[in-house]
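Colleague: Data file target.cif (mmCIF, C-alpha atoms) is appended below.
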data_start
loop_
_atom_site.group_PDB
_atom_site.id
_atom_site.type_symbol
_atom_site.label_atom_id
_atom_site.label_comp_id
_atom_site.auth_asym_id
_atom_site.auth_seq_id
_atom_site.Cartn_x
_atom_site.Cartn_y
_atom_site.Cartn_z
ATOM 1 C CA SER A 9 2.669 -18.537 -7.411
ATOM 2 C CA GLN A 10 4.505 -15.432 -6.312
ATOM 3 C CA THR A 11 5.392 -14.788 -2.694
ATOM 4 C CA ILE A 12 7.130 -11.991 -0.838
ATOM 5 C CA HIS A 13 9.107 -12.414 2.353
ATOM 6 C CA GLN A 14 10.137 -9.587 4.611
ATOM 7 C CA TRP A 15 12.186 -9.706 7.807
ATOM 8 C CA PRO A 16 12.616 -9.157 10.635
ATOM 9 C CA ALA A 17 8.979 -8.772 11.619
ATOM 10 C CA THR A 18 9.775 -6.729 14.705
ATOM 11 C CA LEU A 19 12.828 -4.712 15.622
ATOM 12 C CA VAL A 20 13.697 -2.493 18.585
ATOM 13 C CA GLN A 21 16.823 -0.444 17.999
ATOM 14 C CA PRO A 22 18.544 2.349 19.945
ATOM 15 C CA VAL A 23 18.996 5.786 18.437
ATOM 16 C CA GLY A 24 22.173 5.942 16.397
ATOM 17 C CA SER A 25 22.315 2.231 15.650
ATOM 18 C CA PRO A 26 22.283 0.800 12.107
ATOM 19 C CA LEU A 27 19.321 -0.798 10.387
ATOM 20 C CA SER A 28 18.887 -3.506 7.809
ATOM 21 C CA LEU A 29 15.496 -4.746 6.629
ATOM 22 C CA GLU A 30 15.430 -7.353 3.913
ATOM 23 C CA CYS A 31 12.835 -8.377 1.393
ATOM 24 C CA THR A 32 12.821 -11.116 -1.220
ATOM 25 C CA VAL A 33 10.292 -12.009 -3.883
ATOM 26 C CA GLU A 34 9.834 -15.495 -5.276
ATOM 27 C CA GLY A 35 8.067 -16.762 -8.356
ATOM 28 C CA THR A 36 8.628 -13.810 -10.671
ATOM 29 C CA SER A 37 11.445 -12.161 -12.576
ATOM 30 C CA ASN A 38 12.469 -8.522 -12.855
ATOM 31 C CA PRO A 39 9.835 -7.193 -10.481
ATOM 32 C CA ASN A 40 9.443 -3.551 -9.534
ATOM 33 C CA LEU A 41 10.262 -3.335 -5.850
ATOM 34 C CA TYR A 42 9.134 -0.769 -3.274
ATOM 35 C CA TRP A 43 9.731 0.262 0.317
ATOM 36 C CA TYR A 44 6.892 2.087 2.062
ATOM 37 C CA ARG A 45 6.609 3.410 5.598
ATOM 38 C CA GLN A 46 3.583 3.946 7.804
ATOM 39 C CA ALA A 47 4.204 6.171 10.792
ATOM 40 C CA ALA A 48 1.754 5.757 13.665
ATOM 41 C CA GLY A 49 -1.670 7.038 12.647
ATOM 42 C CA ARG A 50 -0.486 8.156 9.238
ATOM 43 C CA GLY A 51 -0.885 6.877 5.706
ATOM 44 C CA LEU A 52 1.515 5.211 3.325
ATOM 45 C CA GLN A 53 4.698 6.987 2.374
ATOM 46 C CA LEU A 54 6.745 5.684 -0.555
ATOM 47 C CA LEU A 55 10.413 5.697 0.401
ATOM 48 C CA PHE A 56 12.181 3.944 -2.462
ATOM 49 C CA TYR A 57 11.368 2.056 -5.618
ATOM 50 C CA SER A 58 13.464 0.035 -8.010
ATOM 51 C CA VAL A 59 12.813 -1.099 -11.567
ATOM 52 C CA GLY A 60 15.968 -3.213 -11.843
ATOM 53 C CA ILE A 61 19.191 -4.335 -10.202
ATOM 54 C CA GLY A 62 21.148 -1.352 -8.943
ATOM 55 C CA GLN A 63 18.404 1.097 -9.997
ATOM 56 C CA ILE A 64 17.016 2.878 -6.967
ATOM 57 C CA SER A 65 14.823 5.954 -6.894
ATOM 58 C CA SER A 66 14.377 7.854 -3.661
ATOM 59 C CA GLU A 67 11.123 9.633 -3.006
ATOM 60 C CA VAL A 68 11.885 11.190 0.353
ATOM 61 C CA PRO A 69 15.239 12.666 1.463
ATOM 62 C CA GLN A 70 16.206 11.119 4.797
ATOM 63 C CA ASN A 71 18.835 9.046 6.506
ATOM 64 C CA LEU A 72 17.598 5.814 4.945
ATOM 65 C CA SER A 73 18.975 4.106 1.853
ATOM 66 C CA ALA A 74 17.970 1.145 -0.269
ATOM 67 C CA SER A 75 19.860 -1.360 -2.345
ATOM 68 C CA ARG A 76 18.962 -4.069 -4.810
ATOM 69 C CA PRO A 77 21.902 -6.452 -5.008
ATOM 70 C CA GLN A 78 19.930 -9.168 -6.790
ATOM 71 C CA ASP A 79 16.887 -9.184 -9.061
ATOM 72 C CA ARG A 80 14.458 -10.221 -6.338
ATOM 73 C CA GLN A 81 16.141 -8.805 -3.246
ATOM 74 C CA PHE A 82 15.543 -5.357 -1.804
ATOM 75 C CA ILE A 83 17.263 -4.046 1.304
ATOM 76 C CA LEU A 84 16.451 -0.981 3.399
ATOM 77 C CA SER A 85 19.313 0.379 5.474
ATOM 78 C CA SER A 86 20.366 3.146 7.759
ATOM 79 C CA LYS A 87 23.741 3.938 9.254
ATOM 80 C CA LYS A 88 22.298 5.833 12.240
ATOM 81 C CA LEU A 89 18.668 5.570 13.226
ATOM 82 C CA LEU A 90 16.632 8.523 14.464
ATOM 83 C CA LEU A 91 13.590 8.415 16.721
ATOM 84 C CA SER A 92 11.540 9.610 13.766
ATOM 85 C CA ASP A 93 12.445 6.449 11.846
ATOM 86 C CA SER A 94 10.049 4.438 14.013
ATOM 87 C CA GLY A 95 7.157 2.987 12.075
ATOM 88 C CA PHE A 96 5.795 0.095 10.081
ATOM 89 C CA TYR A 97 7.870 -0.679 6.986
ATOM 90 C CA LEU A 98 6.355 -2.482 4.056
ATOM 91 C CA CYS A 99 8.101 -4.061 1.118
ATOM 92 C CA ALA A 100 6.077 -4.538 -2.041
ATOM 93 C CA TRP A 101 6.424 -5.694 -5.631
ATOM 94 C CA SER A 102 4.707 -5.410 -8.978
ATOM 95 C CA VAL A 103 5.460 -6.333 -12.564
ATOM 96 C CA GLY A 104 4.831 -4.740 -15.912
ATOM 97 C CA VAL A 105 3.450 -1.323 -16.580
ATOM 98 C CA PRO A 106 1.706 1.159 -14.334
ATOM 99 C CA GLY A 107 -1.708 -0.124 -13.404
ATOM 100 C CA ASN A 108 -0.512 -3.530 -12.371
ATOM 101 C CA THR A 109 -1.344 -4.577 -8.843
ATOM 102 C CA ILE A 110 1.209 -3.938 -6.115
ATOM 103 C CA TYR A 111 1.597 -6.841 -3.677
ATOM 104 C CA PHE A 112 2.758 -6.236 -0.141
ATOM 105 C CA GLY A 113 4.789 -8.166 2.375
ATOM 106 C CA GLU A 114 3.661 -8.610 5.959
ATOM 107 C CA GLY A 115 5.617 -5.622 7.205
ATOM 108 C CA SER A 116 8.307 -4.901 9.769
ATOM 109 C CA TRP A 117 7.699 -2.944 12.946
ATOM 110 C CA LEU A 118 10.640 -0.742 13.842
ATOM 111 C CA THR A 119 10.784 0.994 17.195
ATOM 112 C CA VAL A 120 13.697 3.319 17.775
ATOM 113 C CA VAL A 121 14.325 3.978 21.469
ATOM 114 C CA ALA B 12 -0.729 16.388 -10.064
ATOM 115 C CA GLN B 13 -2.806 13.358 -9.289
ATOM 116 C CA SER B 14 -4.298 13.016 -5.845
ATOM 117 C CA VAL B 15 -6.661 10.803 -3.912
ATOM 118 C CA THR B 16 -9.035 11.947 -1.192
ATOM 119 C CA GLN B 17 -10.717 9.574 1.214
ATOM 120 C CA LEU B 18 -13.523 11.253 3.094
ATOM 121 C CA GLY B 19 -13.450 10.342 6.768
ATOM 122 C CA SER B 20 -10.448 8.985 8.606
ATOM 123 C CA HIS B 21 -12.830 6.815 10.657
ATOM 124 C CA VAL B 22 -16.169 5.336 9.664
ATOM 125 C CA SER B 23 -18.328 3.479 12.165
ATOM 126 C CA VAL B 24 -21.210 1.209 11.158
ATOM 127 C CA SER B 25 -23.290 -1.381 12.938
ATOM 128 C CA GLU B 26 -22.899 -5.053 12.124
ATOM 129 C CA GLY B 27 -25.264 -5.872 9.268
ATOM 130 C CA ALA B 28 -25.471 -2.272 8.046
ATOM 131 C CA LEU B 29 -24.312 -0.895 4.716
ATOM 132 C CA VAL B 30 -20.642 -0.010 4.426
ATOM 133 C CA LEU B 31 -19.773 3.015 2.293
ATOM 134 C CA LEU B 32 -16.199 4.269 2.103
ATOM 135 C CA ARG B 33 -15.638 7.264 -0.117
ATOM 136 C CA CYS B 34 -12.792 7.884 -2.515
ATOM 137 C CA ASN B 35 -12.363 10.738 -4.963
ATOM 138 C CA TYR B 36 -9.441 11.161 -7.276
ATOM 139 C CA SER B 37 -8.042 13.854 -9.475
ATOM 140 C CA SER B 38 -6.576 12.832 -12.785
ATOM 141 C CA SER B 39 -6.560 14.337 -16.226
ATOM 142 C CA VAL B 40 -6.380 10.938 -17.907
ATOM 143 C CA PRO B 41 -8.287 7.706 -17.330
ATOM 144 C CA PRO B 42 -6.873 6.125 -14.208
ATOM 145 C CA TYR B 43 -6.423 2.707 -12.754
ATOM 146 C CA LEU B 44 -8.060 2.637 -9.343
ATOM 147 C CA PHE B 45 -7.482 0.311 -6.415
ATOM 148 C CA TRP B 46 -8.890 -0.475 -3.012
ATOM 149 C CA TYR B 47 -6.653 -2.217 -0.503
ATOM 150 C CA VAL B 48 -7.433 -3.459 2.996
ATOM 151 C CA GLN B 49 -5.012 -3.594 5.916
ATOM 152 C CA TYR B 50 -5.777 -5.645 9.005
ATOM 153 C CA PRO B 51 -3.932 -4.719 12.204
ATOM 154 C CA ASN B 52 -0.199 -5.345 12.075
ATOM 155 C CA GLN B 53 -0.365 -6.798 8.577
ATOM 156 C CA GLY B 54 0.537 -5.767 5.065
ATOM 157 C CA LEU B 55 -1.985 -4.459 2.553
ATOM 158 C CA GLN B 56 -4.148 -6.806 0.538
ATOM 159 C CA LEU B 57 -5.850 -5.984 -2.745
ATOM 160 C CA LEU B 58 -9.645 -5.826 -2.439
ATOM 161 C CA LEU B 59 -10.461 -4.834 -5.996
ATOM 162 C CA LYS B 60 -9.200 -2.920 -8.992
ATOM 163 C CA TYR B 61 -10.662 -0.873 -11.832
ATOM 164 C CA THR B 62 -8.847 -1.088 -15.164
ATOM 165 C CA SER B 63 -11.286 0.610 -17.583
ATOM 166 C CA ALA B 64 -13.434 -2.453 -18.179
ATOM 167 C CA ALA B 65 -16.734 -2.682 -16.276
ATOM 168 C CA THR B 66 -17.442 0.361 -14.131
ATOM 169 C CA LEU B 67 -18.817 -1.806 -11.325
ATOM 170 C CA VAL B 68 -16.020 -3.876 -9.902
ATOM 171 C CA LYS B 69 -16.547 -6.794 -7.555
ATOM 172 C CA GLY B 70 -13.849 -7.725 -5.109
ATOM 173 C CA ILE B 71 -13.156 -10.129 -2.316
ATOM 174 C CA ASN B 72 -15.147 -10.460 0.916
ATOM 175 C CA GLY B 73 -18.353 -9.128 -0.670
ATOM 176 C CA PHE B 74 -17.013 -5.649 -1.429
ATOM 177 C CA GLU B 75 -17.612 -3.782 -4.642
ATOM 178 C CA ALA B 76 -16.824 -0.340 -6.027
ATOM 179 C CA GLU B 77 -18.253 1.752 -8.822
ATOM 180 C CA PHE B 78 -16.157 3.985 -11.042
ATOM 181 C CA LYS B 79 -17.996 7.221 -11.825
ATOM 182 C CA LYS B 80 -16.006 9.352 -14.208
ATOM 183 C CA SER B 81 -18.358 12.330 -13.998
ATOM 184 C CA GLU B 82 -17.923 12.431 -10.224
ATOM 185 C CA THR B 83 -14.257 11.322 -10.256
ATOM 186 C CA SER B 84 -15.224 8.834 -7.585
ATOM 187 C CA PHE B 85 -14.561 5.202 -6.759
ATOM 188 C CA HIS B 86 -16.540 4.532 -3.593
ATOM 189 C CA LEU B 87 -16.323 1.165 -1.859
ATOM 190 C CA THR B 88 -19.474 -0.538 -0.632
ATOM 191 C CA LYS B 89 -20.637 -3.706 1.069
ATOM 192 C CA PRO B 90 -24.330 -4.399 1.674
ATOM 193 C CA SER B 91 -23.932 -5.915 5.129
ATOM 194 C CA ALA B 92 -21.002 -5.288 7.455
ATOM 195 C CA HIS B 93 -19.396 -8.116 9.362
ATOM 196 C CA MET B 94 -17.205 -7.839 12.427
ATOM 197 C CA SER B 95 -14.313 -9.240 10.396
ATOM 198 C CA ASP B 96 -14.473 -6.195 8.100
ATOM 199 C CA ALA B 97 -12.928 -4.021 10.801
ATOM 200 C CA ALA B 98 -9.697 -2.810 9.219
ATOM 201 C CA GLU B 99 -8.153 0.164 7.484
ATOM 202 C CA TYR B 100 -9.015 0.705 3.832
ATOM 203 C CA PHE B 101 -6.862 2.545 1.327
ATOM 204 C CA CYS B 102 -7.834 3.914 -2.051
ATOM 205 C CA ALA B 103 -5.109 4.431 -4.646
ATOM 206 C CA VAL B 104 -4.770 5.635 -8.220
ATOM 207 C CA SER B 105 -2.186 4.754 -10.837
ATOM 208 C CA VAL B 106 -1.911 6.841 -13.949
ATOM 209 C CA THR B 107 0.070 6.053 -17.059
ATOM 210 C CA GLY B 108 3.246 8.038 -16.909
ATOM 211 C CA SER B 109 3.297 8.118 -13.121
ATOM 212 C CA ASN B 110 6.584 6.265 -13.043
ATOM 213 C CA TYR B 111 5.203 3.084 -11.529
ATOM 214 C CA GLN B 112 3.840 4.757 -8.437
ATOM 215 C CA LEU B 113 0.459 4.506 -6.835
ATOM 216 C CA ILE B 114 -0.922 7.699 -5.377
ATOM 217 C CA TRP B 115 -2.486 6.743 -2.032
ATOM 218 C CA GLY B 116 -5.331 8.129 -0.042
ATOM 219 C CA ALA B 117 -4.820 8.690 3.663
ATOM 220 C CA GLY B 118 -6.863 5.652 4.605
ATOM 221 C CA THR B 119 -10.197 5.114 6.354
ATOM 222 C CA LYS B 120 -10.455 3.029 9.466
ATOM 223 C CA LEU B 121 -13.672 1.022 9.446
ATOM 224 C CA ILE B 122 -15.136 0.312 12.876
ATOM 225 C CA ILE B 123 -17.895 -2.258 13.232
ATOM 226 C CA LYS B 124 -20.277 -1.907 16.177
ATOM 227 C CA PRO B 125 -21.880 -5.097 17.469
#
Go ahead and express the file in the form of structure tokens.
Modeller:
Amino acid sequence: SQTIHQWPATLVQPVGSPLSLECTVEGTSNPNLYWYRQAAGRGLQLLFYSVGIGQISSEVPQNLSASRPQDRQFILSSKKLLLSDSGFYLCAWSVGVPGNTIYFGEGSWLTVV
Amino acid sequence: AQSVTQLGSHVSVSEGALVLLRCNYSSSVPPYLFWYVQYPNQGLQLLLKYTSAATLVKGINGFEAEFKKSETSFHLTKPSAHMSDAAEYFCAVSVTGSNYQLIWGAGTKLIIKP
């Protein structure tokens, strides 16, 4: 069966520090991968999605970036965090065509102080 | 452009009462429709999904949803609420040609009163 792992689960970082959140998927090949963010009291915001290695689409201009160095690995990064980057970050995956279910990881809480 | 509207950011029901969470979508083509549930500090979990088969879709934990094309709705129901149903519920639509994205509603927080 397929599983998704996301870490770290909780992170407290000072303003201006770098960020790296990592996500890996097991049990499937060539998944579509996603990074979402939930700010406090707000809905889901799609940040990045990837349909293959090295193929990243950005949905929201910001100081975050994503990379996909391997088929089942998706990394969210920032060189300098802002207070507004605080939130709950969710990695997710799906396969196939639009309409397939998206499966989510357990999420990472980021607090920028 | 496609959109999803969830009526009510918070819905409060008594334990044992009917749960009704509303979702309306806008789409010019037949959509795929989803309901997800998110428990506190966790990721989202699929409750159920409509893929143009039966219009009444049964999901996990006793939830079901009915696709009504004429009303462009996909409301989520459960006959009898349980305390463990307290969570946030998200409706989403995926349309062919949407570049693999789901269009998400803003979410409805379900509160269960004892």
Colleague: Can you pull out every residue within 9 Å of range 95-107 of chain A, counting only C-alpha atoms, but drop anything in the same chain fewer than 3 positions away, and send it as an mmCIF file with C-alpha atoms, in the frame of the given file?
Modeller:
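Okay, this is what ended up in selection_1.cif:
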data_model
loop_
_atom_site.group_PDB
_atom_site.id
_atom_site.type_symbol
_atom_site.label_atom_id
_atom_site.label_comp_id
_atom_site.auth_asym_id
_atom_site.auth_seq_id
_atom_site.Cartn_x
_atom_site.Cartn_y
_atom_site.Cartn_z
ATOM 1 C CA ILE A 12 7.130 -11.991 -0.838
ATOM 2 C CA HIS A 13 9.107 -12.414 2.353
ATOM 3 C CA GLN A 14 10.137 -9.587 4.611
ATOM 4 C CA LEU A 29 15.496 -4.746 6.629
ATOM 5 C CA GLU A 30 15.430 -7.353 3.913
ATOM 6 C CA CYS A 31 12.835 -8.377 1.393
ATOM 7 C CA THR A 32 12.821 -11.116 -1.220
ATOM 8 C CA VAL A 33 10.292 -12.009 -3.883
ATOM 9 C CA THR A 36 8.628 -13.810 -10.671
ATOM 10 C CA SER A 37 11.445 -12.161 -12.576
ATOM 11 C CA ASN A 38 12.469 -8.522 -12.855
ATOM 12 C CA PRO A 39 9.835 -7.193 -10.481
ATOM 13 C CA ASN A 40 9.443 -3.551 -9.534
ATOM 14 C CA LEU A 41 10.262 -3.335 -5.850
ATOM 15 C CA TYR A 42 9.134 -0.769 -3.274
ATOM 16 C CA TRP A 43 9.731 0.262 0.317
ATOM 17 C CA TYR A 44 6.892 2.087 2.062
ATOM 18 C CA ARG A 45 6.609 3.410 5.598
ATOM 19 C CA GLN A 46 3.583 3.946 7.804
ATOM 20 C CA ALA A 47 4.204 6.171 10.792
ATOM 21 C CA ALA A 48 1.754 5.757 13.665
ATOM 22 C CA PHE A 82 15.543 -5.357 -1.804
ATOM 23 C CA SER A 92 11.540 9.610 13.766
ATOM 24 C CA ILE A 110 1.209 -3.938 -6.115
ATOM 25 C CA TYR A 111 1.597 -6.841 -3.677
ATOM 26 C CA PHE A 112 2.758 -6.236 -0.141
ATOM 27 C CA GLY A 113 4.789 -8.166 2.375
ATOM 28 C CA GLU A 114 3.661 -8.610 5.959
ATOM 29 C CA GLY A 115 5.617 -5.622 7.205
ATOM 30 C CA SER A 116 8.307 -4.901 9.769
ATOM 31 C CA TRP A 117 7.699 -2.944 12.946
ATOM 32 C CA LEU A 118 10.640 -0.742 13.842
ATOM 33 C CA THR A 119 10.784 0.994 17.195
ATOM 34 C CA VAL A 120 13.697 3.319 17.775
ATOM 35 C CA PRO B 42 -6.873 6.125 -14.208
ATOM 36 C CA TYR B 43 -6.423 2.707 -12.754
ATOM 37 C CA LEU B 44 -8.060 2.637 -9.343
ATOM 38 C CA ASN B 52 -0.199 -5.345 12.075
ATOM 39 C CA GLY B 54 0.537 -5.767 5.065
ATOM 40 C CA LEU B 55 -1.985 -4.459 2.553
ATOM 41 C CA THR B 62 -8.847 -1.088 -15.164
ATOM 42 C CA VAL B 104 -4.770 5.635 -8.220
ATOM 43 C CA SER B 105 -2.186 4.754 -10.837
ATOM 44 C CA VAL B 106 -1.911 6.841 -13.949
ATOM 45 C CA THR B 107 0.070 6.053 -17.059
ATOM 46 C CA GLY B 108 3.246 8.038 -16.909
ATOM 47 C CA SER B 109 3.297 8.118 -13.121
ATOM 48 C CA ASN B 110 6.584 6.265 -13.043
ATOM 49 C CA TYR B 111 5.203 3.084 -11.529
ATOM 50 C CA GLN B 112 3.840 4.757 -8.437
ATOM 51 C CA LEU B 113 0.459 4.506 -6.835
#
Colleague: What residues come out when you apply the PyMOL selection byres ((chain A and resi 51) around 8) to this file, written as a PyMOL selection string?
Modeller: (chain A and resi 46-47+49-50+52-53) or (chain B and resi 115-118)
Colleague: From (-14.0, 9.0, 1.2), in the file's coordinates, out to 7 Å: which residues are reached, counting all atoms listed in the file? Answer as an mmCIF file with C-alpha atoms, in the coordinates of the input.
Modeller:
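This is the output file point.cif:
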data_model
loop_
_atom_site.group_PDB
_atom_site.id
_atom_site.type_symbol
_atom_site.label_atom_id
_atom_site.label_comp_id
_atom_site.auth_asym_id
_atom_site.auth_seq_id
_atom_site.Cartn_x
_atom_site.Cartn_y
_atom_site.Cartn_z
ATOM 1 C CA THR B 16 -9.035 11.947 -1.192
ATOM 2 C CA GLN B 17 -10.717 9.574 1.214
ATOM 3 C CA LEU B 18 -13.523 11.253 3.094
ATOM 4 C CA GLY B 19 -13.450 10.342 6.768
ATOM 5 C CA LEU B 32 -16.199 4.269 2.103
ATOM 6 C CA ARG B 33 -15.638 7.264 -0.117
ATOM 7 C CA CYS B 34 -12.792 7.884 -2.515
ATOM 8 C CA ASN B 35 -12.363 10.738 -4.963
#
Colleague: To verify the selection step, state as a ChimeraX atom specification which residues the PyMOL selection byres ((chain B and resi 84) around 10) yields on this input.
Modeller: /B:15-17,33-37,44,76-83,85-87
Colleague: Between CA of Pro26 in chain A and CA of Gly62 in chain A, what distance in Å does the model show, to one decimal?
Modeller: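 Taking CA of Pro26 in chain A and CA of Gly62 in chain A, their separation equals 21.2 Å.
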Colleague: So what does the PyMOL selection byres ((chain B and resi 89) around 6) actually pick up in this one, as a short mmCIF file (atom, residue, chain, number, x, y, z; two decimals) with C-alpha atoms, keeping the file's coordinate frame?
Modeller:
data_model
loop_
_atom_site.label_atom_id
_atom_site.label_comp_id
_atom_site.auth_asym_id
_atom_site.auth_seq_id
_atom_site.Cartn_x
_atom_site.Cartn_y
_atom_site.Cartn_z
CA LEU B 29 -24.31 -0.90 4.72
CA VAL B 30 -20.64 -0.01 4.43
CA PHE B 74 -17.01 -5.65 -1.43
CA THR B 88 -19.47 -0.54 -0.63
CA PRO B 90 -24.33 -4.40 1.67
CA SER B 91 -23.93 -5.92 5.13
#
Colleague: Take range 68-88 of chain A, bring it up to N, CA, C and O atoms, and give me the output as an mmCIF file, keeping the file's coordinate frame.
Modeller:
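As written to disk, result_19.cif reads:
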data_model
loop_
_atom_site.group_PDB
_atom_site.id
_atom_site.type_symbol
_atom_site.label_atom_id
_atom_site.label_comp_id
_atom_site.auth_asym_id
_atom_site.auth_seq_id
_atom_site.Cartn_x
_atom_site.Cartn_y
_atom_site.Cartn_z
ATOM 1 N N VAL A 68 11.876 10.311 -0.819
ATOM 2 C CA VAL A 68 11.885 11.190 0.353
ATOM 3 C C VAL A 68 13.317 11.313 0.869
ATOM 4 O O VAL A 68 13.910 10.311 1.220
ATOM 5 N N PRO A 69 13.877 12.512 0.923
ATOM 6 C CA PRO A 69 15.239 12.666 1.463
ATOM 7 C C PRO A 69 15.255 12.383 2.954
ATOM 8 O O PRO A 69 14.435 12.877 3.694
ATOM 9 N N GLN A 70 16.164 11.533 3.398
ATOM 10 C CA GLN A 70 16.206 11.119 4.797
ATOM 11 C C GLN A 70 17.483 10.344 5.031
ATOM 12 O O GLN A 70 18.310 10.229 4.134
ATOM 13 N N ASN A 71 17.613 9.788 6.198
ATOM 14 C CA ASN A 71 18.835 9.046 6.506
ATOM 15 C C ASN A 71 18.708 7.568 6.182
ATOM 16 O O ASN A 71 19.478 6.754 6.693
ATOM 17 N N LEU A 72 17.744 7.192 5.363
ATOM 18 C CA LEU A 72 17.598 5.814 4.945
ATOM 19 C C LEU A 72 18.140 5.645 3.536
ATOM 20 O O LEU A 72 18.179 6.595 2.746
ATOM 21 N N SER A 73 18.530 4.435 3.203
ATOM 22 C CA SER A 73 18.975 4.106 1.853
ATOM 23 C C SER A 73 18.451 2.741 1.483
ATOM 24 O O SER A 73 18.019 1.969 2.352
ATOM 25 N N ALA A 74 18.432 2.448 0.200
ATOM 26 C CA ALA A 74 17.970 1.145 -0.269
ATOM 27 C C ALA A 74 18.962 0.602 -1.276
ATOM 28 O O ALA A 74 19.651 1.369 -1.966
ATOM 29 N N SER A 75 19.007 -0.712 -1.362
ATOM 30 C CA SER A 75 19.860 -1.360 -2.345
ATOM 31 C C SER A 75 19.155 -2.566 -2.918
ATOM 32 O O SER A 75 18.274 -3.160 -2.272
ATOM 33 N N ARG A 76 19.535 -2.903 -4.123
ATOM 34 C CA ARG A 76 18.962 -4.069 -4.810
ATOM 35 C C ARG A 76 20.125 -4.869 -5.385
ATOM 36 O O ARG A 76 20.462 -4.736 -6.555
ATOM 37 N N PRO A 77 20.725 -5.708 -4.564
ATOM 38 C CA PRO A 77 21.902 -6.452 -5.008
ATOM 39 C C PRO A 77 21.595 -7.597 -5.972
ATOM 40 O O PRO A 77 22.454 -7.988 -6.763
ATOM 41 N N GLN A 78 20.383 -8.111 -5.892
ATOM 42 C CA GLN A 78 19.930 -9.168 -6.790
ATOM 43 C C GLN A 78 18.546 -8.825 -7.321
ATOM 44 O O GLN A 78 17.859 -7.963 -6.773
ATOM 45 N N ASP A 79 18.144 -9.521 -8.378
ATOM 46 C CA ASP A 79 16.887 -9.184 -9.061
ATOM 47 C C ASP A 79 15.694 -9.150 -8.122
ATOM 48 O O ASP A 79 14.802 -8.307 -8.265
ATOM 49 N N ARG A 80 15.648 -10.096 -7.171
ATOM 50 C CA ARG A 80 14.458 -10.221 -6.338
ATOM 51 C C ARG A 80 14.743 -9.931 -4.863
ATOM 52 O O ARG A 80 14.045 -10.424 -3.987
ATOM 53 N N GLN A 81 15.767 -9.142 -4.610
ATOM 54 C CA GLN A 81 16.141 -8.805 -3.246
ATOM 55 C C GLN A 81 16.222 -7.291 -3.099
ATOM 56 O O GLN A 81 16.842 -6.599 -3.917
ATOM 57 N N PHE A 82 15.589 -6.799 -2.040
ATOM 58 C CA PHE A 82 15.543 -5.357 -1.804
ATOM 59 C C PHE A 82 15.843 -5.117 -0.341
ATOM 60 O O PHE A 82 15.219 -5.728 0.530
ATOM 61 N N ILE A 83 16.807 -4.257 -0.063
ATOM 62 C CA ILE A 83 17.263 -4.046 1.304
ATOM 63 C C ILE A 83 17.118 -2.580 1.678
ATOM 64 O O ILE A 83 17.480 -1.687 0.901
ATOM 65 N N LEU A 84 16.573 -2.335 2.850
ATOM 66 C CA LEU A 84 16.451 -0.981 3.399
ATOM 67 C C LEU A 84 17.453 -0.837 4.533
ATOM 68 O O LEU A 84 17.498 -1.692 5.420
ATOM 69 N N SER A 85 18.236 0.229 4.513
ATOM 70 C CA SER A 85 19.313 0.379 5.474
ATOM 71 C C SER A 85 19.363 1.785 6.046
ATOM 72 O O SER A 85 18.828 2.733 5.454
ATOM 73 N N SER A 86 20.016 1.864 7.183
ATOM 74 C CA SER A 86 20.366 3.146 7.759
ATOM 75 C C SER A 86 21.667 2.978 8.522
ATOM 76 O O SER A 86 21.892 1.941 9.152
ATOM 77 N N LYS A 87 22.501 3.998 8.483
ATOM 78 C CA LYS A 87 23.741 3.938 9.254
ATOM 79 C C LYS A 87 23.507 4.363 10.700
ATOM 80 O O LYS A 87 24.111 3.841 11.634
ATOM 81 N N LYS A 88 22.593 5.331 10.895
ATOM 82 C CA LYS A 88 22.298 5.833 12.240
ATOM 83 C C LYS A 88 20.817 6.162 12.335
ATOM 84 O O LYS A 88 20.352 7.147 11.755
#
